[in-house]
Amino acid sequence: MVIDPNLALDHVEKRYFAFLRNGDSGVIVLTRVFDGQFRSVGDYEVVLPGEELPGHDATIRERSGDTITGRAAFNAMNNILAAFNWAQHAGFDPDEARDRQLDVEAAIALQADIYVTDNAFALTQTLTGNVFACSVAEALAIIGLQQRLQGRITLDTDPFPTSLGLPAAEYIQAWALLPKTLELFALREDQSGQDIDRWKDLARVGRTRVERCLRARDQILVQSIHPNLAFPFDTVDALVERMALNLSGMFDALARAVNAALSLGCQDHLCSFAGRGFRRTLPPLLRQLVETDRHQALLKTISVLRNTIHHVALSGASAGDDRGRVSENYVLLPTSEAQEFRRHAATLARESRWIASDVDEFGLLLRPVPLIDDLLCESVGLFERLVSVTEWPGTIDETLRIRRDDPGEYWMHYTPTVSLVSRLYGLEPR
């Protein structure tokens, strides 16, 4: 990974990239130095052609171990001039594109996988080789995925760096997406009783369902990044169905928790926020929230995807090149569900983002990554709002609030830890 030297990083990003440079994390971070001031492995400098080295190639000198090696940036000077013209025609600032192109050429010469930048022109280009230009947020999400596929993520948070196993990372991220639900338990932790324990246990299902969605999401992401490789995972279409099943179960468990906590008197199998009969029993504020067009469209979209397991299942599809290589994975939604899905997607303003194309005789081709990311983030956002407007029984003990500034007793909810784990997942509730 090469970091654009013009990129402004916040203190968390600076610290974590420095930590990765010095740690054995499977990530090599390269940063540019000037005037040959090499300090550590991963430093590089750019030497422009001059009288001694005439031509159109710059030289990239990189410190590797105790030696400094040189790499040619072929046609770098020509490409810098070309960037001006390309940017001018594409509607970008041509002067900025020209001035920053040399750093792009360095990343290519260093054979980086990722070039981390805020260069608007570079972010829109398909770079040569395997270099992928991305933002800091995207780079951290890619690093997080790479680490999770190895079974652990590394953190640099105080009071000491730590390495987390995958279950712990999923636990932290699930609660990071459901902070109001976590606080609900903390404020009532010392209260018990058969009824209270029941609805608390049901509400906790939200966290465990999110954890399972996070695991399935990782497997979908890696298959989308490397569509030509074989992985020991379920297929993308099966993973999308699994996520829909867990999201549906998350809301059904919350509906049962609300039913038990508010003594609504509904039978468990009738407790569903998508059911009109159950919604009529809800208090006005809760009912008004769940019956908005957007929230009903979200719940029904999840239901459409989940219900495919009962009849015509989702199936896989892909696009490829003339050499038979897969370039992108899709999920095929059967024709029987296509019209309803499209209607709900339009209500959520996600039609063009989720639907790649309409194959009339087969159904809809869906893009799995934006689909599952949007559904997960929208779902945890709705879950949190439902928890917030419900008048849960029992007294609130403010002394039981989780101290997020305590890295000892509350280290899994410690603010710096949660913040960094969230950046490594690249998810925010909506």
# chains A, B, ... in the order shown; residues from 1 in each chain; ligands from 1
$ select_by_dssp --residues "region 184-254 of chain A" --states "alpha helix (DSSP H)" --output "NGL selection string"
:A and (184-187 or 194-225 or 236-254)
$ residues_around --residues "region 15-27 of chain A" --least-positions-apart "4" --cutoff "12 Å" --atoms "only C-alpha atoms" --output "ChimeraX atom specification"
/A:1-3,9-11,31,39-43,112-114,116,136,139-140,142-158,160-163,416-417,419-421,423-424
$ residues_around --residues "Ala244 (chain A)" --least-positions-apart "4" --cutoff "12 Å" --atoms "only C-alpha atoms" --output "number ranges by chain"
A: 209-210, 212-213, 216-217, 237-240, 248-251, 298-309, 314, 368, 371-376, 379
$ write_last_selection --atoms "N, CA and C atoms" --output "mmCIF file, in the first residue's frame"
data_model
loop_
_atom_site.group_PDB
_atom_site.id
_atom_site.type_symbol
_atom_site.label_atom_id
_atom_site.label_comp_id
_atom_site.auth_asym_id
_atom_site.auth_seq_id
_atom_site.Cartn_x
_atom_site.Cartn_y
_atom_site.Cartn_z
ATOM 1 N N ARG A 209 -27.530 -11.783 15.413
ATOM 2 C CA ARG A 209 -27.884 -11.811 13.987
ATOM 3 C C ARG A 209 -26.962 -10.897 13.185
ATOM 4 N N VAL A 210 -26.624 -9.747 13.747
ATOM 5 C CA VAL A 210 -25.708 -8.845 13.053
ATOM 6 C C VAL A 210 -24.332 -9.488 12.930
ATOM 7 N N ARG A 212 -23.654 -12.612 12.568
ATOM 8 C CA ARG A 212 -23.719 -13.585 11.478
ATOM 9 C C ARG A 212 -23.755 -12.889 10.122
ATOM 10 N N CYS A 213 -24.426 -11.746 10.065
ATOM 11 C CA CYS A 213 -24.440 -10.974 8.812
ATOM 12 C C CYS A 213 -23.045 -10.460 8.469
ATOM 13 N N ALA A 216 -21.090 -13.310 6.911
ATOM 14 C CA ALA A 216 -21.529 -13.557 5.528
ATOM 15 C C ALA A 216 -21.087 -12.420 4.606
ATOM 16 N N ARG A 217 -21.138 -11.196 5.111
ATOM 17 C CA ARG A 217 -20.716 -10.040 4.305
ATOM 18 C C ARG A 217 -19.252 -10.172 3.901
ATOM 19 N N ASP A 237 -25.012 -16.145 -3.833
ATOM 20 C CA ASP A 237 -26.478 -16.136 -3.735
ATOM 21 C C ASP A 237 -26.942 -16.783 -2.437
ATOM 22 N N ALA A 238 -26.273 -17.869 -2.008
ATOM 23 C CA ALA A 238 -26.643 -18.517 -0.742
ATOM 24 C C ALA A 238 -26.337 -17.602 0.440
ATOM 25 N N LEU A 239 -25.257 -16.839 0.355
ATOM 26 C CA LEU A 239 -24.898 -15.924 1.437
ATOM 27 C C LEU A 239 -25.877 -14.756 1.524
ATOM 28 N N VAL A 240 -26.369 -14.269 0.380
ATOM 29 C CA VAL A 240 -27.375 -13.205 0.392
ATOM 30 C C VAL A 240 -28.654 -13.717 1.055
ATOM 31 N N SER A 248 -34.239 -10.808 8.852
ATOM 32 C CA SER A 248 -35.645 -11.062 9.144
ATOM 33 C C SER A 248 -35.800 -11.587 10.571
ATOM 34 N N GLY A 249 -34.935 -12.521 10.966
ATOM 35 C CA GLY A 249 -34.987 -13.053 12.326
ATOM 36 C C GLY A 249 -34.695 -12.000 13.373
ATOM 37 N N MET A 250 -33.835 -11.041 13.048
ATOM 38 C CA MET A 250 -33.511 -9.960 13.971
ATOM 39 C C MET A 250 -34.751 -9.122 14.287
ATOM 40 N N PHE A 251 -35.521 -8.764 13.249
ATOM 41 C CA PHE A 251 -36.721 -7.961 13.473
ATOM 42 C C PHE A 251 -37.831 -8.770 14.140
ATOM 43 N N LEU A 298 -38.265 -1.503 3.349
ATOM 44 C CA LEU A 298 -37.078 -2.220 3.821
ATOM 45 C C LEU A 298 -37.448 -3.611 4.315
ATOM 46 N N LEU A 299 -38.459 -3.693 5.174
ATOM 47 C CA LEU A 299 -38.861 -4.989 5.721
ATOM 48 C C LEU A 299 -39.351 -5.928 4.621
ATOM 49 N N LYS A 300 -40.068 -5.389 3.649
ATOM 50 C CA LYS A 300 -40.592 -6.241 2.575
ATOM 51 C C LYS A 300 -39.489 -6.664 1.599
ATOM 52 N N THR A 301 -38.477 -5.822 1.409
ATOM 53 C CA THR A 301 -37.340 -6.223 0.572
ATOM 54 C C THR A 301 -36.624 -7.410 1.199
ATOM 55 N N ILE A 302 -36.393 -7.336 2.509
ATOM 56 C CA ILE A 302 -35.767 -8.453 3.222
ATOM 57 C C ILE A 302 -36.633 -9.699 3.100
ATOM 58 N N SER A 303 -37.950 -9.518 3.227
ATOM 59 C CA SER A 303 -38.871 -10.650 3.144
ATOM 60 C C SER A 303 -38.847 -11.307 1.771
ATOM 61 N N VAL A 304 -38.769 -10.492 0.713
ATOM 62 C CA VAL A 304 -38.707 -11.042 -0.643
ATOM 63 C C VAL A 304 -37.477 -11.926 -0.803
ATOM 64 N N LEU A 305 -36.325 -11.447 -0.346
ATOM 65 C CA LEU A 305 -35.087 -12.220 -0.465
ATOM 66 C C LEU A 305 -35.119 -13.464 0.412
ATOM 67 N N ARG A 306 -35.674 -13.320 1.613
ATOM 68 C CA ARG A 306 -35.751 -14.475 2.523
ATOM 69 C C ARG A 306 -36.697 -15.542 1.988
ATOM 70 N N ASN A 307 -37.814 -15.132 1.421
ATOM 71 C CA ASN A 307 -38.837 -16.092 0.994
ATOM 72 C C ASN A 307 -38.439 -16.919 -0.220
ATOM 73 N N THR A 308 -37.347 -16.522 -0.892
ATOM 74 C CA THR A 308 -36.912 -17.331 -2.028
ATOM 75 C C THR A 308 -36.469 -18.722 -1.590
ATOM 76 N N ILE A 309 -36.140 -18.898 -0.311
ATOM 77 C CA ILE A 309 -35.722 -20.229 0.151
ATOM 78 C C ILE A 309 -36.902 -21.187 0.195
ATOM 79 N N LEU A 314 -32.737 -17.948 -4.948
ATOM 80 C CA LEU A 314 -31.784 -17.101 -5.644
ATOM 81 C C LEU A 314 -30.749 -17.996 -6.317
ATOM 82 N N PRO A 368 -24.558 -7.822 -5.542
ATOM 83 C CA PRO A 368 -24.652 -8.294 -4.161
ATOM 84 C C PRO A 368 -24.033 -7.363 -3.125
ATOM 85 N N LEU A 371 -26.130 -4.227 -2.344
ATOM 86 C CA LEU A 371 -27.393 -4.727 -1.795
ATOM 87 C C LEU A 371 -27.252 -5.092 -0.335
ATOM 88 N N ILE A 372 -26.263 -5.918 -0.001
ATOM 89 C CA ILE A 372 -26.158 -6.387 1.386
ATOM 90 C C ILE A 372 -25.654 -5.281 2.316
ATOM 91 N N ASP A 373 -24.800 -4.390 1.820
ATOM 92 C CA ASP A 373 -24.344 -3.285 2.666
ATOM 93 C C ASP A 373 -25.492 -2.348 3.001
ATOM 94 N N ASP A 374 -26.298 -2.002 2.002
ATOM 95 C CA ASP A 374 -27.431 -1.108 2.238
ATOM 96 C C ASP A 374 -28.457 -1.751 3.170
ATOM 97 N N LEU A 375 -28.773 -3.010 2.939
ATOM 98 C CA LEU A 375 -29.767 -3.679 3.777
ATOM 99 C C LEU A 375 -29.298 -3.787 5.219
ATOM 100 N N LEU A 376 -28.017 -4.114 5.419
ATOM 101 C CA LEU A 376 -27.511 -4.240 6.786
ATOM 102 C C LEU A 376 -27.521 -2.899 7.504
ATOM 103 N N SER A 379 -31.033 -1.694 8.150
ATOM 104 C CA SER A 379 -31.706 -2.535 9.140
ATOM 105 C C SER A 379 -31.271 -2.199 10.564
#
$ residues_around --residues "Ala261 (chain A)" --least-positions-apart "6" --cutoff "12 Å" --atoms "only C-alpha atoms" --output "list in words"
Gly193, Gln194, Asp195, Ile196, Asp197, Arg198, Trp199, Lys200, Asp201, Leu202, Ala203, Leu254, Ala255, Leu282, Val387, Thr390, Glu391, Trp392, Pro393 and Gly394 of chain A
$ write_last_selection --atoms "N, CA and C atoms" --output "short mmCIF file (atom, residue, chain, number, x, y, z; two decimals), in the first residue's frame"
data_model
loop_
_atom_site.label_atom_id
_atom_site.label_comp_id
_atom_site.auth_asym_id
_atom_site.auth_seq_id
_atom_site.Cartn_x
_atom_site.Cartn_y
_atom_site.Cartn_z
N GLY A 193 -35.90 -11.09 36.47
CA GLY A 193 -37.27 -11.57 36.56
C GLY A 193 -37.60 -12.28 35.26
N GLN A 194 -38.54 -13.19 35.32
CA GLN A 194 -38.81 -14.01 34.15
C GLN A 194 -39.19 -13.19 32.94
N ASP A 195 -40.08 -12.20 33.12
CA ASP A 195 -40.52 -11.40 31.97
C ASP A 195 -39.40 -10.51 31.43
N ILE A 196 -38.67 -9.84 32.35
CA ILE A 196 -37.59 -8.95 31.92
C ILE A 196 -36.50 -9.74 31.22
N ASP A 197 -36.12 -10.87 31.80
CA ASP A 197 -35.08 -11.69 31.18
C ASP A 197 -35.48 -12.14 29.78
N ARG A 198 -36.78 -12.40 29.60
CA ARG A 198 -37.24 -12.90 28.31
C ARG A 198 -37.09 -11.84 27.22
N TRP A 199 -37.56 -10.63 27.46
CA TRP A 199 -37.46 -9.64 26.41
C TRP A 199 -36.03 -9.17 26.21
N LYS A 200 -35.23 -9.19 27.28
CA LYS A 200 -33.83 -8.83 27.11
C LYS A 200 -33.10 -9.87 26.25
N ASP A 201 -33.39 -11.12 26.48
CA ASP A 201 -32.78 -12.18 25.67
C ASP A 201 -33.20 -12.08 24.21
N LEU A 202 -34.48 -11.76 23.99
CA LEU A 202 -34.96 -11.62 22.62
C LEU A 202 -34.31 -10.43 21.92
N ALA A 203 -34.17 -9.33 22.63
CA ALA A 203 -33.56 -8.15 22.02
C ALA A 203 -32.08 -8.38 21.72
N LEU A 254 -37.08 -8.90 17.79
CA LEU A 254 -37.38 -7.62 18.43
C LEU A 254 -38.88 -7.44 18.59
N ALA A 255 -39.66 -7.87 17.61
CA ALA A 255 -41.11 -7.77 17.73
C ALA A 255 -41.60 -8.60 18.91
N LEU A 282 -49.45 -1.99 18.51
CA LEU A 282 -48.31 -1.21 18.96
C LEU A 282 -48.74 0.17 19.47
N VAL A 387 -35.91 0.43 19.04
CA VAL A 387 -35.51 0.27 20.45
C VAL A 387 -35.66 1.59 21.19
N THR A 390 -39.41 2.61 22.07
CA THR A 390 -40.16 1.66 22.89
C THR A 390 -39.99 1.99 24.37
N GLU A 391 -41.08 2.03 25.11
CA GLU A 391 -41.01 2.32 26.55
C GLU A 391 -40.79 1.00 27.30
N TRP A 392 -39.52 0.63 27.39
CA TRP A 392 -39.17 -0.62 28.04
C TRP A 392 -39.44 -0.53 29.54
N PRO A 393 -39.92 -1.59 30.16
CA PRO A 393 -40.24 -1.55 31.59
C PRO A 393 -38.97 -1.55 32.45
N GLY A 394 -39.14 -1.22 33.70
CA GLY A 394 -38.02 -1.21 34.64
C GLY A 394 -37.44 0.18 34.81
#
$ atom_distance --atom1 "CA of Ile60 (chain A)" --atom2 "CA of Ala106 (chain A)"
6.4 Å
$ atom_distance --atom1 "CA of Arg401 (chain A)" --atom2 "CA of Ala168 (chain A)"
21.1 Å
$ atom_distance --atom1 "CA of Cys377 (chain A)" --atom2 "CA of Ser336 (chain A)"
26.5 Å
$ select_by_dssp --residues "region 58-126 of chain A" --states "strand (DSSP E or B)" --output "list in words"
Ala58, Thr59, Ile60, Arg61, Glu62, Arg63, Ser64, Thr67, Ile68, Thr69, Gly70, Arg71, Ala72, Ala73, Ile114, Tyr115 and Val116 of chain A
